[in-house]
Amino acid sequence: MATYIGFLRAINLGATRKFPKDAIAAAVERAGFTGVETYINTGNVRFDTRMRSRPRIETALEAAFLADRGFDVPTIVLTPAELRAIAADAERFADGHDGRHYISLLKQEPTAAQVAAVEAAGTAGEVAKVGGRAVHLLLGRDYHVAKLTNAAVEKHLGVATNRNLTVIDELARRWGG
């Protein structure tokens, strides 16, 4: 059995996309995954499976979530080692940054051209740094008016879901192996 961590995109936003963590866990178990555990209500789920193909795992989860909720739930799956590496990169990328740090997790590995495009979209007060399948968004104190958001990341790199550094660090501690 291998352990994976799934990150659900665009849930618990507004009245029509509710997906509580207990319902997520139940849907993952119904899909045949075991050792299921969730963390807070932002769509973070740990599970075990005999499957080894990340795209197959994502497809199975997305089908289970669609069947349960009736709406598409794009899902990004990482291994514990990938999650640990993302958390470790955060310290290196932040290097003295004292604003907000968000991390967009990517469904696909970006090309060099895509990395260059998203990193060029930043400004002096909003910086994007890409490491593997993660984009570290280093934002100023007025992060709520930032132009460099998960939507901007998706414009350049495709499907992504965003978590703050506190959540990523906690999940790496809990589930990073």
# chains A, B, ... in the order shown; residues from 1 in each chain; ligands from 1
$ residues_around --residues "region 48-65 of chain A" --least-positions-apart "6" --cutoff "8 Å" --atoms "only C-alpha atoms" --output "list in words"
Met1, Ala2, Thr3, Tyr4, Ile24, Ala27, Val28, Arg30, Ala31, Gly32, Phe33, Thr34, Gly35, Val36, Phe71, Asp72, Val73, Pro74, Thr75, Ile76, Val77 and Leu78 of chain A
$ write_last_selection --atoms "N, CA, C and O atoms" --output "short mmCIF file (atom, residue, chain, number, x, y, z; two decimals), in the first residue's frame"
data_model
loop_
_atom_site.label_atom_id
_atom_site.label_comp_id
_atom_site.auth_asym_id
_atom_site.auth_seq_id
_atom_site.Cartn_x
_atom_site.Cartn_y
_atom_site.Cartn_z
N MET A 1 0.84 -1.19 0.00
CA MET A 1 0.00 0.00 0.00
C MET A 1 0.88 1.25 0.00
O MET A 1 1.87 1.30 0.70
N ALA A 2 0.44 2.21 -0.74
CA ALA A 2 1.13 3.50 -0.78
C ALA A 2 0.20 4.56 -0.20
O ALA A 2 -1.03 4.46 -0.31
N THR A 3 0.78 5.58 0.39
CA THR A 3 0.02 6.68 0.96
C THR A 3 0.10 7.88 0.03
O THR A 3 1.15 8.17 -0.54
N TYR A 4 -1.03 8.57 -0.11
CA TYR A 4 -1.12 9.78 -0.91
C TYR A 4 -1.92 10.82 -0.15
O TYR A 4 -2.68 10.50 0.76
N ILE A 24 -16.26 14.01 2.56
CA ILE A 24 -15.08 13.72 1.73
C ILE A 24 -14.52 12.36 2.12
O ILE A 24 -14.26 11.51 1.26
N ALA A 27 -16.71 9.52 0.89
CA ALA A 27 -16.61 9.33 -0.56
C ALA A 27 -15.30 8.64 -0.93
O ALA A 27 -15.28 7.77 -1.81
N VAL A 28 -14.21 9.01 -0.27
CA VAL A 28 -12.91 8.39 -0.55
C VAL A 28 -12.96 6.91 -0.15
O VAL A 28 -12.48 6.04 -0.90
N ARG A 30 -15.68 4.98 0.00
CA ARG A 30 -16.57 4.30 -0.96
C ARG A 30 -15.85 4.02 -2.28
O ARG A 30 -16.15 3.06 -2.97
N ALA A 31 -14.87 4.86 -2.61
CA ALA A 31 -14.10 4.67 -3.84
C ALA A 31 -13.05 3.56 -3.69
O ALA A 31 -12.33 3.25 -4.64
N GLY A 32 -12.94 2.98 -2.48
CA GLY A 32 -12.05 1.85 -2.27
C GLY A 32 -10.71 2.17 -1.63
O GLY A 32 -9.87 1.29 -1.49
N PHE A 33 -10.52 3.41 -1.23
CA PHE A 33 -9.27 3.79 -0.56
C PHE A 33 -9.40 3.50 0.93
O PHE A 33 -10.50 3.48 1.49
N THR A 34 -8.29 3.29 1.60
CA THR A 34 -8.29 2.94 3.02
C THR A 34 -7.43 3.93 3.81
O THR A 34 -6.75 4.77 3.22
N GLY A 35 -7.46 3.79 5.14
CA GLY A 35 -6.64 4.65 5.99
C GLY A 35 -6.95 6.13 5.81
O GLY A 35 -6.06 6.97 5.91
N VAL A 36 -8.21 6.43 5.55
CA VAL A 36 -8.62 7.80 5.18
C VAL A 36 -8.63 8.70 6.41
O VAL A 36 -9.14 8.33 7.47
N PHE A 71 -21.22 17.76 -8.54
CA PHE A 71 -20.42 18.78 -9.23
C PHE A 71 -18.97 18.31 -9.30
O PHE A 71 -18.54 17.47 -8.51
N ASP A 72 -18.26 18.82 -10.30
CA ASP A 72 -16.85 18.46 -10.49
C ASP A 72 -16.00 19.00 -9.34
O ASP A 72 -16.18 20.15 -8.92
N VAL A 73 -15.08 18.18 -8.87
CA VAL A 73 -14.14 18.58 -7.83
C VAL A 73 -12.73 18.20 -8.31
O VAL A 73 -12.26 17.09 -8.06
N PRO A 74 -12.07 19.10 -9.03
CA PRO A 74 -10.69 18.80 -9.43
C PRO A 74 -9.84 18.49 -8.20
O PRO A 74 -9.98 19.13 -7.16
N THR A 75 -9.00 17.47 -8.33
CA THR A 75 -8.23 16.99 -7.20
C THR A 75 -6.77 16.83 -7.60
O THR A 75 -6.47 16.26 -8.64
N ILE A 76 -5.89 17.34 -6.76
CA ILE A 76 -4.45 17.24 -6.96
C ILE A 76 -3.92 16.26 -5.92
O ILE A 76 -4.20 16.40 -4.74
N VAL A 77 -3.17 15.26 -6.37
CA VAL A 77 -2.65 14.23 -5.47
C VAL A 77 -1.13 14.33 -5.41
O VAL A 77 -0.45 14.45 -6.43
N LEU A 78 -0.61 14.28 -4.18
CA LEU A 78 0.83 14.30 -3.93
C LEU A 78 1.22 13.09 -3.08
O LEU A 78 0.40 12.58 -2.31
#
$ select_by_dssp --residues "chain A" --states "alpha helix (DSSP H)" --output "ChimeraX atom specification"
/A:21-30,54-69,80-94,112-120,150-157,165-175
$ residues_around --residues "Ala87 (chain A)" --least-positions-apart "2" --cutoff "8 Å" --atoms "only C-alpha atoms" --output "VMD selection string"
chain A and resid 83 to 85 89 to 91 165 168 to 169 172
$ write_last_selection --atoms "N, CA, C and O atoms" --output "short mmCIF file (atom, residue, chain, number, x, y, z; two decimals), in the first residue's frame"
data_model
loop_
_atom_site.label_atom_id
_atom_site.label_comp_id
_atom_site.auth_asym_id
_atom_site.auth_seq_id
_atom_site.Cartn_x
_atom_site.Cartn_y
_atom_site.Cartn_z
N LEU A 83 5.00 16.33 -0.66
CA LEU A 83 4.50 17.31 0.31
C LEU A 83 5.63 17.82 1.20
O LEU A 83 5.74 19.02 1.44
N ARG A 84 6.50 16.93 1.66
CA ARG A 84 7.66 17.34 2.47
C ARG A 84 8.55 18.29 1.68
O ARG A 84 9.03 19.29 2.22
N ALA A 85 8.79 17.99 0.42
CA ALA A 85 9.65 18.83 -0.41
C ALA A 85 9.04 20.22 -0.60
O ALA A 85 9.77 21.23 -0.57
N ASP A 89 10.78 23.60 0.53
CA ASP A 89 11.02 24.69 -0.42
C ASP A 89 10.49 26.02 0.11
O ASP A 89 11.05 27.07 -0.20
N ALA A 90 9.44 25.99 0.88
CA ALA A 90 8.81 27.22 1.38
C ALA A 90 9.81 28.07 2.15
O ALA A 90 9.90 29.28 1.94
N GLU A 91 10.59 27.45 2.99
CA GLU A 91 11.57 28.20 3.78
C GLU A 91 12.64 28.81 2.88
O GLU A 91 13.00 29.97 3.03
N LEU A 165 0.64 28.66 3.88
CA LEU A 165 1.83 27.94 4.35
C LEU A 165 1.58 27.22 5.66
O LEU A 165 2.09 26.11 5.87
N ILE A 168 0.04 23.86 4.81
CA ILE A 168 1.03 22.98 4.17
C ILE A 168 2.03 22.46 5.20
O ILE A 168 2.34 21.26 5.23
N ASP A 169 2.52 23.33 6.06
CA ASP A 169 3.47 22.90 7.10
C ASP A 169 2.83 21.87 8.03
O ASP A 169 3.46 20.86 8.37
N ALA A 172 2.42 18.54 6.19
CA ALA A 172 3.73 17.89 6.05
C ALA A 172 4.15 17.25 7.36
O ALA A 172 4.70 16.15 7.38
#
$ residues_around --residues "region 122-130 of chain A" --least-positions-apart "6" --cutoff "7 Å" --atoms "only C-alpha atoms" --output "PyMOL selection string"
chain A and resi 93+115+136-140+148
$ select_by_dssp --residues "region 51-176 of chain A" --states "strand (DSSP E or B)" --output "PyMOL selection string"
chain A and resi 75-78+100-106+126-131+134-139+160-164
$ closest_residue --among "A:Ala117, A:Leu106, A:Ala26, A:Val135" --to "Thr161 (chain A)" --atoms "only C-alpha atoms"
A:Leu106
$ residues_around --residues "Asn162 (chain A)" --least-positions-apart "2" --cutoff "12 Å" --atoms "only C-alpha atoms" --output "JSON, numbers by chain"
{"A": [7, 8, 9, 10, 11, 42, 43, 44, 75, 76, 101, 102, 103, 104, 105, 106, 107, 133, 134, 135, 136, 137, 148, 149, 150, 151, 152, 153, 154, 159, 160, 164, 165, 166, 167, 168]}
$ atom_distance --atom1 "CA of Ala94 (chain A)" --atom2 "CA of Pro110 (chain A)"
20.5 Å
$ closest_residue --among "A:Ala67, A:Val45, A:Val118, A:Leu13" --to "Pro80 (chain A)" --atoms "only C-alpha atoms"
A:Val45
$ atom_distance --atom1 "CA of Leu157 (chain A)" --atom2 "CA of Asn12 (chain A)"
23.2 Å
